[in-house]
>>> print(open('entry.cif').read())   # mmCIF, C-alpha atoms and all ligand atoms
data_structure
#
loop_
_atom_site.label_atom_id
_atom_site.label_comp_id
_atom_site.auth_asym_id
_atom_site.auth_seq_id
_atom_site.Cartn_x
_atom_site.Cartn_y
_atom_site.Cartn_z
CA MET K 1 -19.90 22.11 -2.24
CA THR K 2 -18.54 18.75 -3.41
CA THR K 3 -16.79 16.64 -0.80
CA TYR K 4 -13.75 14.70 -1.85
CA PRO K 5 -12.18 11.54 -0.45
CA ILE K 6 -8.96 13.54 -0.03
CA PRO K 7 -9.50 15.58 3.16
CA THR K 8 -7.20 18.46 2.17
CA LEU K 9 -8.66 19.02 -1.32
CA SER K 10 -11.04 21.96 -1.76
CA GLU K 11 -12.36 24.50 -4.25
CA LYS K 12 -11.12 28.11 -4.02
CA ASN K 13 -11.85 30.73 -6.69
CA ASN K 14 -13.14 28.05 -9.06
CA GLU K 15 -9.92 26.07 -8.91
CA LEU K 16 -9.07 22.96 -6.95
CA HIS K 17 -6.44 23.37 -4.27
CA LEU K 18 -4.54 20.75 -2.31
CA GLU K 19 -3.88 22.36 1.06
CA ASN K 20 -3.03 25.92 -0.04
CA VAL K 21 -1.61 25.16 -3.46
CA SER K 22 -3.58 25.50 -6.68
CA LEU K 23 -3.40 22.32 -8.76
CA ASN K 24 -3.33 24.40 -11.95
CA HIS K 25 -0.33 26.24 -10.55
CA LEU K 26 1.43 22.91 -9.97
CA VAL K 27 0.81 21.92 -13.58
CA LYS K 28 2.43 25.16 -14.80
CA GLU K 29 5.43 24.53 -12.60
CA TYR K 30 5.99 20.78 -12.99
CA GLY K 31 3.99 19.62 -16.04
CA THR K 32 1.84 16.50 -16.36
CA PRO K 33 1.31 13.64 -15.67
CA LEU K 34 2.15 14.54 -12.09
CA TYR K 35 1.55 12.73 -8.82
CA VAL K 36 0.82 15.12 -5.97
CA TYR K 37 0.65 14.24 -2.27
CA SER K 38 -0.59 16.27 0.70
CA LYS K 39 1.57 16.21 3.81
CA ALA K 40 -1.37 17.22 6.01
CA ALA K 41 -3.46 14.33 4.62
CA LEU K 42 -0.59 11.91 5.31
CA GLN K 43 -0.44 13.25 8.85
CA GLN K 44 -4.20 12.75 9.33
CA ALA K 45 -3.94 9.18 8.06
CA TRP K 46 -0.98 8.47 10.35
CA ASP K 47 -2.77 10.01 13.33
CA ALA K 48 -5.81 7.81 12.67
CA TRP K 49 -3.62 4.76 13.34
CA GLN K 50 -2.29 6.05 16.69
CA HIS K 51 -3.77 4.59 19.84
CA PRO K 52 -1.98 6.41 22.66
CA ASN K 53 -3.51 4.75 25.70
CA ALA K 54 -3.18 1.11 24.75
CA ASP K 55 -2.07 -1.34 27.46
CA ARG K 56 0.79 -2.64 25.28
CA ASN K 57 3.12 -1.70 22.43
CA ILE K 58 1.45 -1.31 19.06
CA HIS K 59 3.75 -1.18 16.04
CA ILE K 60 2.36 0.31 12.85
CA CYS K 61 4.35 -1.26 9.99
CA TYR K 62 3.74 0.85 6.90
CA ALA K 63 3.41 -1.48 3.85
CA VAL K 64 6.04 0.03 1.57
CA LYS K 65 4.54 -1.39 -1.63
CA ALA K 66 1.66 1.09 -1.39
CA ASN K 67 3.95 4.08 -1.98
CA SER K 68 7.70 3.75 -1.70
CA ASN K 69 8.91 7.25 -2.54
CA LEU K 70 11.86 8.00 -0.24
CA ALA K 71 10.28 11.20 1.07
CA ILE K 72 7.08 9.34 1.99
CA LEU K 73 9.11 6.64 3.77
CA GLN K 74 11.06 9.38 5.55
CA PHE K 75 7.77 10.97 6.66
CA PHE K 76 6.69 7.73 8.33
CA ALA K 77 10.18 6.94 9.68
CA GLN K 78 10.26 10.31 11.43
CA ARG K 79 6.99 9.44 13.14
CA GLY K 80 8.25 6.14 14.53
CA ALA K 81 6.76 3.75 11.98
CA TYR K 82 7.86 0.18 11.43
CA PHE K 83 7.85 -1.03 7.83
CA ASP K 84 6.45 -4.08 6.04
CA THR K 85 8.63 -4.94 3.03
CA VAL K 86 8.57 -7.61 0.32
CA SER K 87 11.93 -7.33 -1.47
CA LYS K 88 15.59 -6.44 -1.06
CA GLY K 89 14.82 -3.20 -2.89
CA GLU K 90 12.12 -2.22 -0.40
CA ILE K 91 14.40 -3.01 2.57
CA ALA K 92 17.16 -0.90 1.00
CA ARG K 93 14.74 1.98 0.35
CA VAL K 94 13.54 2.03 3.94
CA ILE K 95 17.12 2.15 5.23
CA LYS K 96 18.00 4.82 2.66
CA ALA K 97 15.05 6.88 3.92
CA GLY K 98 16.62 6.93 7.39
CA ALA K 99 14.75 4.17 9.25
CA SER K 100 16.57 1.67 11.39
CA ALA K 101 16.70 -1.88 9.99
CA ASP K 102 15.36 -3.30 13.24
CA ARG K 103 12.01 -1.69 12.37
CA ILE K 104 11.63 -3.75 9.20
CA VAL K 105 9.52 -6.87 8.76
CA PHE K 106 10.07 -8.89 5.59
CA SER K 107 7.02 -10.61 4.03
CA GLY K 108 6.56 -12.34 0.68
CA VAL K 109 6.26 -15.89 -0.67
CA GLY K 110 9.42 -15.95 -2.79
CA LYS K 111 12.33 -14.65 -0.70
CA THR K 112 15.59 -15.52 -2.47
CA VAL K 113 18.88 -16.54 -0.86
CA GLU K 114 20.27 -13.12 -1.77
CA GLU K 115 17.34 -11.32 -0.16
CA ILE K 116 17.42 -13.37 3.05
CA THR K 117 21.18 -12.89 3.36
CA TYR K 118 20.81 -9.15 2.85
CA ALA K 119 17.99 -8.89 5.42
CA LEU K 120 20.01 -10.84 8.00
CA GLU K 121 23.11 -8.73 7.40
CA GLN K 122 21.06 -5.56 7.88
CA GLY K 123 19.54 -6.91 11.11
CA ILE K 124 15.81 -6.67 10.36
CA HIS K 125 13.11 -6.99 13.03
CA CYS K 126 11.48 -10.16 11.74
CA PHE K 127 10.87 -12.43 8.75
CA ASN K 128 7.20 -13.17 8.04
CA VAL K 129 7.70 -16.72 6.77
CA GLU K 130 5.26 -18.04 4.18
CA SER K 131 6.25 -21.72 3.73
CA LEU K 132 8.17 -24.61 5.29
CA PRO K 133 10.93 -24.62 2.66
CA GLU K 134 11.42 -20.91 3.32
CA LEU K 135 11.76 -21.65 7.04
CA ASP K 136 14.52 -24.17 6.32
CA ARG K 137 16.24 -21.78 3.93
CA ILE K 138 16.30 -18.97 6.51
CA HIS K 139 17.68 -21.39 9.14
CA ASP K 140 20.47 -22.54 6.78
CA ILE K 141 21.52 -19.02 5.85
CA ALA K 142 21.35 -17.73 9.43
CA THR K 143 23.45 -20.68 10.65
CA HIS K 144 25.99 -20.05 7.91
CA LEU K 145 26.22 -16.38 8.95
CA GLY K 146 26.43 -17.29 12.65
CA LYS K 147 23.14 -15.51 13.38
CA ARG K 148 19.67 -16.36 14.71
CA ALA K 149 16.89 -15.14 12.47
CA PRO K 150 13.80 -13.70 14.18
CA ILE K 151 10.76 -15.26 12.54
CA SER K 152 6.99 -15.13 12.52
CA LEU K 153 4.88 -17.61 10.58
CA ARG K 154 2.29 -16.10 8.27
CA ILE K 155 -0.79 -18.22 8.74
CA ASN K 156 -3.35 -18.58 5.99
CA PRO K 157 -6.57 -18.61 8.03
CA ASP K 158 -8.84 -19.58 5.09
CA VAL K 159 -11.13 -16.59 5.56
CA ASP K 160 -12.95 -14.79 2.74
CA ALA K 161 -11.91 -11.13 2.90
CA GLN K 162 -14.89 -10.11 0.72
CA THR K 163 -12.77 -8.03 -1.64
CA HIS K 164 -11.64 -8.19 -5.28
CA PRO K 165 -10.30 -11.71 -6.00
CA TYR K 166 -6.93 -10.31 -7.20
CA ILE K 167 -6.31 -8.69 -3.81
CA SER K 168 -7.72 -11.42 -1.56
CA THR K 169 -4.90 -13.35 0.10
CA GLY K 170 -6.27 -15.35 3.04
CA LEU K 171 -8.12 -18.20 1.32
CA LYS K 172 -6.58 -21.65 1.21
CA GLU K 173 -6.42 -21.54 -2.59
CA ASN K 174 -4.24 -18.38 -2.39
CA LYS K 175 -0.46 -18.78 -2.55
CA PHE K 176 0.11 -16.87 0.69
CA GLY K 177 1.01 -18.13 4.14
CA ILE K 178 1.11 -21.53 5.81
CA ASP K 179 -2.12 -23.55 6.08
CA HIS K 180 -3.86 -22.97 9.37
CA ASN K 181 -3.98 -26.76 9.85
CA LEU K 182 -0.22 -27.11 9.45
CA ALA K 183 0.65 -24.21 11.71
CA GLU K 184 1.28 -26.12 14.95
CA SER K 185 3.64 -28.62 13.35
CA ALA K 186 5.38 -25.77 11.49
CA TYR K 187 6.04 -23.98 14.79
CA MET K 188 7.33 -27.20 16.40
CA HIS K 189 9.68 -27.60 13.46
CA ALA K 190 10.83 -23.96 13.75
CA ALA K 191 11.47 -24.47 17.47
CA SER K 192 13.83 -27.33 16.61
CA LEU K 193 16.01 -25.16 14.34
CA SER K 194 18.84 -23.42 16.16
CA GLY K 195 19.25 -20.73 13.49
CA LEU K 196 15.78 -19.37 14.23
CA LYS K 197 14.26 -17.38 17.05
CA ILE K 198 10.46 -17.53 17.18
CA ALA K 199 9.19 -13.97 17.57
CA GLY K 200 5.59 -13.92 16.48
CA ILE K 201 2.69 -14.93 14.28
CA ASP K 202 0.94 -13.03 11.52
CA TYR K 203 -1.68 -13.05 8.81
CA HIS K 204 -2.82 -10.75 6.06
CA ILE K 205 -6.13 -11.66 4.48
CA GLY K 206 -6.46 -9.13 1.68
CA SER K 207 -6.68 -5.51 0.71
CA GLN K 208 -9.39 -2.82 0.50
CA LEU K 209 -11.47 -4.49 3.24
CA THR K 210 -14.51 -2.42 4.09
CA ASN K 211 -15.97 -4.66 6.73
CA LEU K 212 -14.49 -5.73 10.08
CA SER K 213 -16.04 -9.17 10.24
CA PRO K 214 -13.48 -11.10 8.12
CA TYR K 215 -10.73 -9.51 10.20
CA LEU K 216 -12.34 -10.55 13.43
CA ASP K 217 -13.00 -14.09 12.15
CA ALA K 218 -9.35 -14.46 11.17
CA GLN K 219 -8.26 -12.92 14.45
CA ASN K 220 -10.27 -15.41 16.50
CA ARG K 221 -8.82 -18.31 14.54
CA LEU K 222 -5.34 -16.92 15.15
CA PHE K 223 -5.90 -16.44 18.89
CA ASN K 224 -7.02 -20.08 19.22
CA LEU K 225 -3.83 -21.13 17.52
CA VAL K 226 -1.71 -18.95 19.82
CA LYS K 227 -3.34 -20.70 22.82
CA LYS K 228 -2.51 -24.12 21.38
CA LEU K 229 1.08 -23.04 20.74
CA ALA K 230 1.44 -21.79 24.31
CA ALA K 231 0.19 -25.16 25.56
CA ARG K 232 3.06 -26.72 23.62
CA GLY K 233 5.56 -24.33 25.18
CA ILE K 234 5.84 -21.93 22.25
CA GLU K 235 5.59 -18.37 23.49
CA LEU K 236 5.34 -15.46 21.06
CA GLU K 237 6.33 -11.83 21.57
CA HIS K 238 4.03 -10.32 18.98
CA ILE K 239 0.85 -10.86 17.04
CA ASP K 240 0.75 -9.15 13.64
CA LEU K 241 -2.74 -8.71 12.20
CA GLY K 242 -1.56 -7.58 8.75
CA GLY K 243 -2.87 -4.74 6.64
CA GLY K 244 -5.88 -4.44 4.38
CA LEU K 245 -8.01 -1.67 5.84
CA GLY K 246 -9.99 -0.12 2.99
CA VAL K 247 -10.50 3.51 2.06
CA ARG K 248 -13.24 5.55 0.41
CA TYR K 249 -12.79 5.80 -3.34
CA LYS K 250 -16.48 6.41 -4.10
CA ASP K 251 -19.05 5.66 -1.42
CA GLU K 252 -17.39 2.90 0.60
CA THR K 253 -17.62 3.21 4.38
CA PRO K 254 -14.66 1.30 5.78
CA PRO K 255 -14.27 1.07 9.54
CA ALA K 256 -11.91 3.58 11.18
CA ALA K 257 -8.43 2.37 12.08
CA SER K 258 -9.19 3.25 15.72
CA GLU K 259 -12.17 0.87 15.61
CA LEU K 260 -10.06 -1.95 14.20
CA ILE K 261 -7.37 -1.41 16.84
CA ALA K 262 -9.91 -1.15 19.67
CA GLN K 263 -11.62 -4.41 18.64
CA SER K 264 -8.29 -6.21 18.29
CA LEU K 265 -7.12 -4.98 21.69
CA GLN K 266 -10.40 -6.08 23.23
CA GLY K 267 -10.02 -9.50 21.59
CA LEU K 268 -6.54 -9.84 23.07
CA ARG K 269 -7.70 -8.79 26.53
CA ASP K 270 -10.63 -11.22 26.39
CA VAL K 271 -8.22 -14.12 25.96
CA GLY K 272 -5.72 -12.69 28.47
CA PHE K 273 -2.90 -12.14 25.95
CA LYS K 274 -0.16 -9.60 26.68
CA HIS K 275 1.54 -9.66 23.27
CA THR K 276 2.80 -6.67 21.36
CA LEU K 277 0.33 -5.92 18.57
CA MET K 278 1.40 -5.16 15.01
CA PHE K 279 -0.49 -3.95 11.93
CA GLU K 280 0.70 -3.55 8.35
CA PRO K 281 -1.45 -0.83 6.77
CA GLY K 282 -0.52 0.45 3.32
CA ARG K 283 -3.48 1.86 1.41
CA SER K 284 -5.18 3.44 4.42
CA LEU K 285 -2.05 5.51 5.16
CA VAL K 286 -1.51 6.95 1.69
CA ALA K 287 -4.36 6.41 -0.82
CA ASN K 288 -6.32 9.50 0.10
CA ALA K 289 -3.26 11.69 0.44
CA GLY K 290 -2.53 11.61 -3.30
CA LEU K 291 -3.85 12.36 -6.77
CA LEU K 292 -2.65 12.19 -10.35
CA LEU K 293 -2.84 15.30 -12.53
CA THR K 294 -3.22 14.77 -16.25
CA ASN K 295 -3.75 17.10 -19.20
CA VAL K 296 -6.67 16.67 -21.59
CA GLU K 297 -4.98 16.41 -24.99
CA TYR K 298 -8.05 15.85 -27.19
CA LEU K 299 -11.80 15.62 -26.94
CA LYS K 300 -12.88 13.00 -29.45
CA PRO K 301 -16.60 12.50 -30.02
CA THR K 302 -17.40 9.29 -31.89
CA GLU K 303 -20.70 7.65 -32.82
CA ALA K 304 -20.51 5.48 -29.74
CA LYS K 305 -18.84 7.64 -27.10
CA ASN K 306 -17.22 10.90 -26.13
CA PHE K 307 -13.60 10.24 -25.40
CA ALA K 308 -11.41 12.57 -23.38
CA ILE K 309 -7.87 11.55 -24.27
CA VAL K 310 -5.43 12.48 -21.52
CA ASP K 311 -1.64 12.42 -21.28
CA ALA K 312 -1.50 9.85 -18.44
CA GLY K 313 -1.79 6.19 -19.34
CA MET K 314 -2.28 2.80 -17.79
CA ASN K 315 1.50 2.65 -17.41
CA ASP K 316 1.26 5.57 -14.95
CA LEU K 317 -1.81 4.32 -13.05
CA ILE K 318 -2.90 0.76 -13.74
CA ARG K 319 -5.60 0.21 -11.10
CA PRO K 320 -8.64 0.76 -13.38
CA ALA K 321 -7.14 -1.45 -16.11
CA LEU K 322 -6.12 -4.20 -13.71
CA TYR K 323 -9.00 -4.31 -11.23
CA GLN K 324 -11.67 -2.19 -12.94
CA SER K 325 -11.21 0.15 -9.98
CA TRP K 326 -13.47 3.17 -9.71
CA MET K 327 -11.43 6.30 -9.05
CA GLN K 328 -12.95 9.76 -8.87
CA VAL K 329 -11.99 12.09 -11.72
CA VAL K 330 -12.49 15.85 -11.41
CA ASN K 331 -11.61 18.92 -13.44
CA THR K 332 -9.14 21.13 -11.58
CA THR K 333 -10.98 24.14 -13.03
CA VAL K 334 -14.62 24.38 -11.98
CA ARG K 335 -16.60 24.89 -15.21
CA ASN K 336 -20.18 26.03 -15.41
CA GLU K 337 -20.85 24.63 -18.91
CA PRO K 338 -23.22 21.63 -19.02
CA ALA K 339 -21.54 18.33 -18.18
CA ILE K 340 -21.61 15.43 -20.63
CA ASN K 341 -20.55 11.79 -20.37
CA TYR K 342 -16.94 10.96 -21.17
CA ASP K 343 -14.72 7.93 -21.25
CA ILE K 344 -11.40 9.13 -19.87
CA VAL K 345 -8.68 7.24 -21.71
CA GLY K 346 -4.90 7.36 -22.09
CA PRO K 347 -2.55 7.29 -25.07
CA VAL K 348 -1.27 3.71 -24.63
CA CYS K 349 -1.94 1.21 -27.41
CA GLU K 350 -4.31 -1.02 -25.41
CA SER K 351 -8.09 -0.84 -25.12
CA SER K 352 -7.71 -1.42 -21.38
CA ASP K 353 -5.96 1.97 -21.14
CA TRP K 354 -8.79 3.80 -19.41
CA PHE K 355 -9.37 5.65 -16.15
CA ALA K 356 -13.15 6.10 -16.12
CA HIS K 357 -16.18 5.12 -18.17
CA ASP K 358 -19.29 7.26 -18.65
CA ARG K 359 -18.31 10.05 -16.26
CA GLU K 360 -20.36 13.22 -16.32
CA LEU K 361 -17.89 16.10 -16.59
CA ALA K 362 -17.58 19.58 -18.10
CA ILE K 363 -14.21 19.57 -19.88
CA ALA K 364 -12.43 21.66 -22.50
CA ALA K 365 -9.33 20.44 -24.33
CA GLY K 366 -6.28 21.65 -22.42
CA ASP K 367 -7.95 21.33 -19.01
CA THR K 368 -6.27 19.39 -16.25
CA LEU K 369 -8.05 16.45 -14.69
CA ALA K 370 -7.22 15.09 -11.25
CA ILE K 371 -7.61 11.37 -10.60
CA LEU K 372 -8.19 11.17 -6.86
CA SER K 373 -7.19 8.63 -4.20
CA ALA K 374 -4.02 7.87 -6.16
CA GLY K 375 -1.59 7.89 -3.24
CA ALA K 376 -1.53 4.07 -2.96
CA TYR K 377 -0.63 1.38 -5.50
CA SER K 378 -0.39 4.01 -8.20
CA MET K 379 3.14 5.34 -8.72
CA THR K 380 4.56 2.12 -7.24
CA MET K 381 2.84 0.12 -9.99
CA ALA K 382 3.88 2.48 -12.80
CA SER K 383 5.96 1.14 -15.68
CA ASN K 384 7.71 2.42 -18.79
CA TYR K 385 5.40 0.55 -21.19
CA ASN K 386 5.29 2.25 -24.59
CA THR K 387 8.64 3.78 -23.54
CA ARG K 388 6.78 6.40 -21.58
CA GLN K 389 8.53 8.47 -18.92
CA ARG K 390 7.08 7.78 -15.49
CA PRO K 391 5.60 10.87 -13.79
CA ALA K 392 7.25 13.29 -11.42
CA GLU K 393 6.02 13.40 -7.80
CA VAL K 394 5.45 16.48 -5.66
CA LEU K 395 4.66 16.82 -1.95
CA VAL K 396 2.53 19.79 -0.92
CA ASP K 397 2.98 21.22 2.57
CA ASN K 398 0.59 24.12 3.20
CA GLN K 399 1.75 26.68 0.56
CA GLU K 400 5.05 24.97 -0.17
CA THR K 401 5.76 22.38 -2.83
CA HIS K 402 8.64 19.91 -2.88
CA LEU K 403 9.64 17.92 -5.93
CA ILE K 404 10.21 14.45 -4.42
CA ARG K 405 10.85 12.62 -7.69
CA GLN K 406 11.86 13.94 -11.06
CA ARG K 407 10.03 12.75 -14.15
CA ASP K 408 12.00 9.96 -15.88
CA THR K 409 14.49 11.45 -18.30
CA LEU K 410 14.87 10.01 -21.79
CA ASN K 411 18.32 8.82 -20.84
CA SER K 412 17.00 6.99 -17.77
CA LEU K 413 14.75 4.95 -20.07
CA TRP K 414 17.69 3.15 -21.69
CA GLY K 415 20.49 3.92 -19.26
CA ASN K 416 20.90 0.24 -18.32
CA GLU K 417 20.84 -1.02 -21.89
CA GLN K 418 23.74 -1.71 -24.19
CA LEU K 419 24.11 -1.49 -27.98
CA LEU K 420 25.87 -4.53 -29.48
C1 LIG B 501 1.73 -8.96 3.73
C2 LIG B 501 1.05 -7.66 3.46
N1 LIG B 501 0.95 -6.77 4.44
C3 LIG B 501 0.35 -5.57 4.25
C4 LIG B 501 -0.21 -5.24 3.02
C5 LIG B 501 -0.86 -3.90 2.90
O1 LIG B 501 -2.18 -3.99 2.58
P1 LIG B 501 -3.10 -2.69 2.50
O2 LIG B 501 -2.44 -1.74 1.57
O3 LIG B 501 -4.36 -3.20 1.95
O4 LIG B 501 -3.23 -2.14 3.87
C6 LIG B 501 -0.16 -6.15 1.97
C7 LIG B 501 -0.84 -5.89 0.69
O5 LIG B 501 -1.99 -6.27 0.53
C8 LIG B 501 0.51 -7.40 2.19
O6 LIG B 501 0.61 -8.29 1.20
N1 LIG B 502 -2.37 -3.24 -5.94
C1 LIG B 502 -3.63 -3.46 -5.29
C2 LIG B 502 -3.45 -3.83 -3.86
C3 LIG B 502 -2.54 -4.99 -3.71
C4 LIG B 502 -2.24 -5.26 -2.30
C5 LIG B 502 -0.92 -5.95 -2.19
N2 LIG B 502 -0.93 -7.12 -1.37
C6 LIG B 502 -4.55 -2.27 -5.47
O1 LIG B 502 -4.23 -1.34 -6.12
O2 LIG B 502 -5.63 -2.23 -5.01
#
>>> encode(input="entry.cif", output="structure tokens")
Amino acid sequence: MTTYPIPTLSEKNNELHLENVSLNHLVKEYGTPLYVYSKAALQQAWDAWQHPNADRNIHICYAVKANSNLAILQFFAQRGAYFDTVSKGEIARVIKAGASADRIVFSGVGKTVEEITYALEQGIHCFNVESLPELDRIHDIATHLGKRAPISLRINPDVDAQTHPYISTGLKENKFGIDHNLAESAYMHAASLSGLKIAGIDYHIGSQLTNLSPYLDAQNRLFNLVKKLAARGIELEHIDLGGGLGVRYKDETPPAASELIAQSLQGLRDVGFKHTLMFEPGRSLVANAGLLLTNVEYLKPTEAKNFAIVDAGMNDLIRPALYQSWMQVVNTTVRNEPAINYDIVGPVCESSDWFAHDRELAIAAGDTLAILSAGAYSMTMASNYNTRQRPAEVLVDNQETHLIRQRDTLNSLWGNEQLL
């Protein structure tokens, strides 16, 4: 029997099921393209990040950009998550989903005056500050509002995360964070600003990391810095080690979250630190709880290739087009006919509109394909390019299904536009 990266996906009676719901049944009920998430898989991913007997507080800040559907945010809020956000919209979503603002950290290199004002008015947990001008801006706005802004400086440790260059963020040529070498003077400056309250320190070196060593290198550099800051009288409440833990799409073997937490805790104990520990996982909490269902519209053999043209496009799921990501594609109906090689492509007018190249599959026109591991950076990166309606989203809970987002309506496509 095939094993899938999604733990709650299995074959029953020659059809794929997510938990106890047939994917073909979902297609009949909700149509395609359709994002489907498994509540039990979300729970497993959340549980993997729990470390009940730690000798300090550990806050798991779910990185909202990975999947920001309100029902998904509500799921994590109900389990006591903190949230890592990067825009006013994400902060507002988290609050709308029922989380308290004081569980929100606000990252991002380009925070506007409007966003900082909004975050201060809501009373967020902490700003992860990415530059000196941003530090001054937050001080000015906080002073104007008669508040003190809790801040952490995001340090760029100049460590190679060994991942795709587009999702590597901790090298000195990346736009993120404050240079490691400037960190001490940046903290001294922050300490001199009355509108700020120094709360912590953080880094985030990249995404889809499958190896602990870059993490641990960055962590050691950060701990040295924390020691130097303490020697200068700057005490921090928390250390935030960012997100980035990878998942299995194909045959990757990322470390377990428990391993990452255990090593980080050990590192902290070795240097005698008592700080609260924070992490900002996104992908590892949601990627393998979701898939995208798409209908095969046409099989098109050409001299060069066999194309399977599906009704989802790069606008619905851009990861293969943008990063050449490998995502597993399976037929939701198990077919015994011989498999042949297909390029799985969408209807969008771009040659980069593909999901898989040279995949061996047995497919008939009208079948439904499932693109797996599509719980993270999939729906959140969807667009309306080619004036296509973004997919609906469904959450499966054992035998029950919940529509958690309607498909875009035609009217929603131009609802904000105006004829002259
Ligand atoms: C600041 C920050 N924190 C957390 C994350 C989440 O990363 P991941 O989804 O790889 O865990 C990101 C995205 O890479 C990020 O930019
Ligand atoms: N969007 C990327 C991850 C970006 C991480 C954001 N800092 C992906 O799909 O892999």
>>> residues_near_point(input="entry.cif", point="(-20.0, 4.1, -1.4)", cutoff="12 Å", atoms="all atoms listed in the file", output="list in words")
Pro5, Thr210, Gly246, Val247, Arg248, Tyr249, Lys250, Asp251, Glu252, Thr253, Pro254, Trp326, Met327 and Gln328 of chain K
>>> residues_around(input="entry.cif", residues="segment 216-223 of chain K", least_positions_apart="2", cutoff="9 Å", atoms="all atoms listed in the file", output="list in words")
Ile155, Asn156, Pro157, Asp158, Val159, Gly170, His180, Ile201, Asp202, Tyr203, Ile205, Leu212, Ser213, Pro214, Leu225, Val226, Lys227, Lys228, Ile239, Leu241, Leu260, Gln263, Ser264, Gly267, Leu268, Val271 and Phe273 of chain K
>>> closest_residue(input="entry.cif", among="K:Lys96, K:His17, K:His59, K:His144", to="Gly80 of chain K", atoms="all atoms listed in the file")
K:His59
>>> residues_near_ligand(input="entry.cif", ligand="ligand LIG 501 (chain B)", cutoff="6 Å", atoms="all atoms listed in the file", output="VMD selection string")
chain K and resid 63 66 107 204 206 to 208 242 to 245 280 to 284
>>> residues_around(input="entry.cif", residues="Leu236 of chain K", least_positions_apart="5", cutoff="9 Å", atoms="only C-alpha atoms", output="list in words")
Ser152, Ile198, Ala199, Gly200, Ile201, Val226, Leu229, Ala230 and His275 of chain K
>>> closest_residue(input="entry.cif", among="K:Gly146, K:Pro133, K:Gly89, K:Gly108", to="ligand LIG 502 (chain B)", atoms="all atoms listed in the file")
K:Gly108
>>> residues_near_point(input="entry.cif", point="(-15.4, 9.4, -23.0)", cutoff="10 Å", atoms="only C-alpha atoms", output="ChimeraX atom specification")
/K:299-302,304-309,340-345,354-361
>>> atom_distance(input="entry.cif", atom1="atom CA of Glu337 of chain K", atom2="atom CA of Asn14 of chain K")
13.0 Å
>>> residues_around(input="entry.cif", residues="segment 18-26 of chain K", least_positions_apart="6", cutoff="12 Å", atoms="only C-alpha atoms", output="PyMOL selection string")
chain K and resi 4+6-12+32-42+288-295+330-334+366-372+392-403
>>> atom_distance(input="entry.cif", atom1="atom CA of Leu135 of chain K", atom2="atom CA of Ala191 of chain K")
10.8 Å
>>> residues_around(input="entry.cif", residues="Val86 of chain K", least_positions_apart="3", cutoff="12 Å", atoms="all atoms listed in the file", output="number ranges by chain")
K: 62-66, 68, 83, 89-94, 104-112, 115-116, 119, 127-130, 280
>>> write_last_selection(input="entry.cif", atoms="C-alpha atoms", output="tab-separated table (two decimals), keeping the file's coordinate frame")
chain	number	residue	atom	x	y	z
K	62	TYR	CA	3.74	0.85	6.90
K	63	ALA	CA	3.41	-1.48	3.85
K	64	VAL	CA	6.04	0.03	1.57
K	65	LYS	CA	4.54	-1.39	-1.63
K	66	ALA	CA	1.66	1.09	-1.39
K	68	SER	CA	7.70	3.75	-1.70
K	83	PHE	CA	7.85	-1.03	7.83
K	89	GLY	CA	14.82	-3.20	-2.89
K	90	GLU	CA	12.12	-2.22	-0.40
K	91	ILE	CA	14.40	-3.01	2.57
K	92	ALA	CA	17.16	-0.90	1.00
K	93	ARG	CA	14.74	1.98	0.35
K	94	VAL	CA	13.54	2.03	3.94
K	104	ILE	CA	11.63	-3.75	9.20
K	105	VAL	CA	9.52	-6.87	8.76
K	106	PHE	CA	10.07	-8.89	5.59
K	107	SER	CA	7.02	-10.61	4.03
K	108	GLY	CA	6.56	-12.34	0.68
K	109	VAL	CA	6.26	-15.89	-0.67
K	110	GLY	CA	9.42	-15.95	-2.79
K	111	LYS	CA	12.33	-14.65	-0.70
K	112	THR	CA	15.59	-15.52	-2.47
K	115	GLU	CA	17.34	-11.32	-0.16
K	116	ILE	CA	17.42	-13.37	3.05
K	119	ALA	CA	17.99	-8.89	5.42
K	127	PHE	CA	10.87	-12.43	8.75
K	128	ASN	CA	7.20	-13.17	8.04
K	129	VAL	CA	7.70	-16.72	6.77
K	130	GLU	CA	5.26	-18.04	4.18
K	280	GLU	CA	0.70	-3.55	8.35
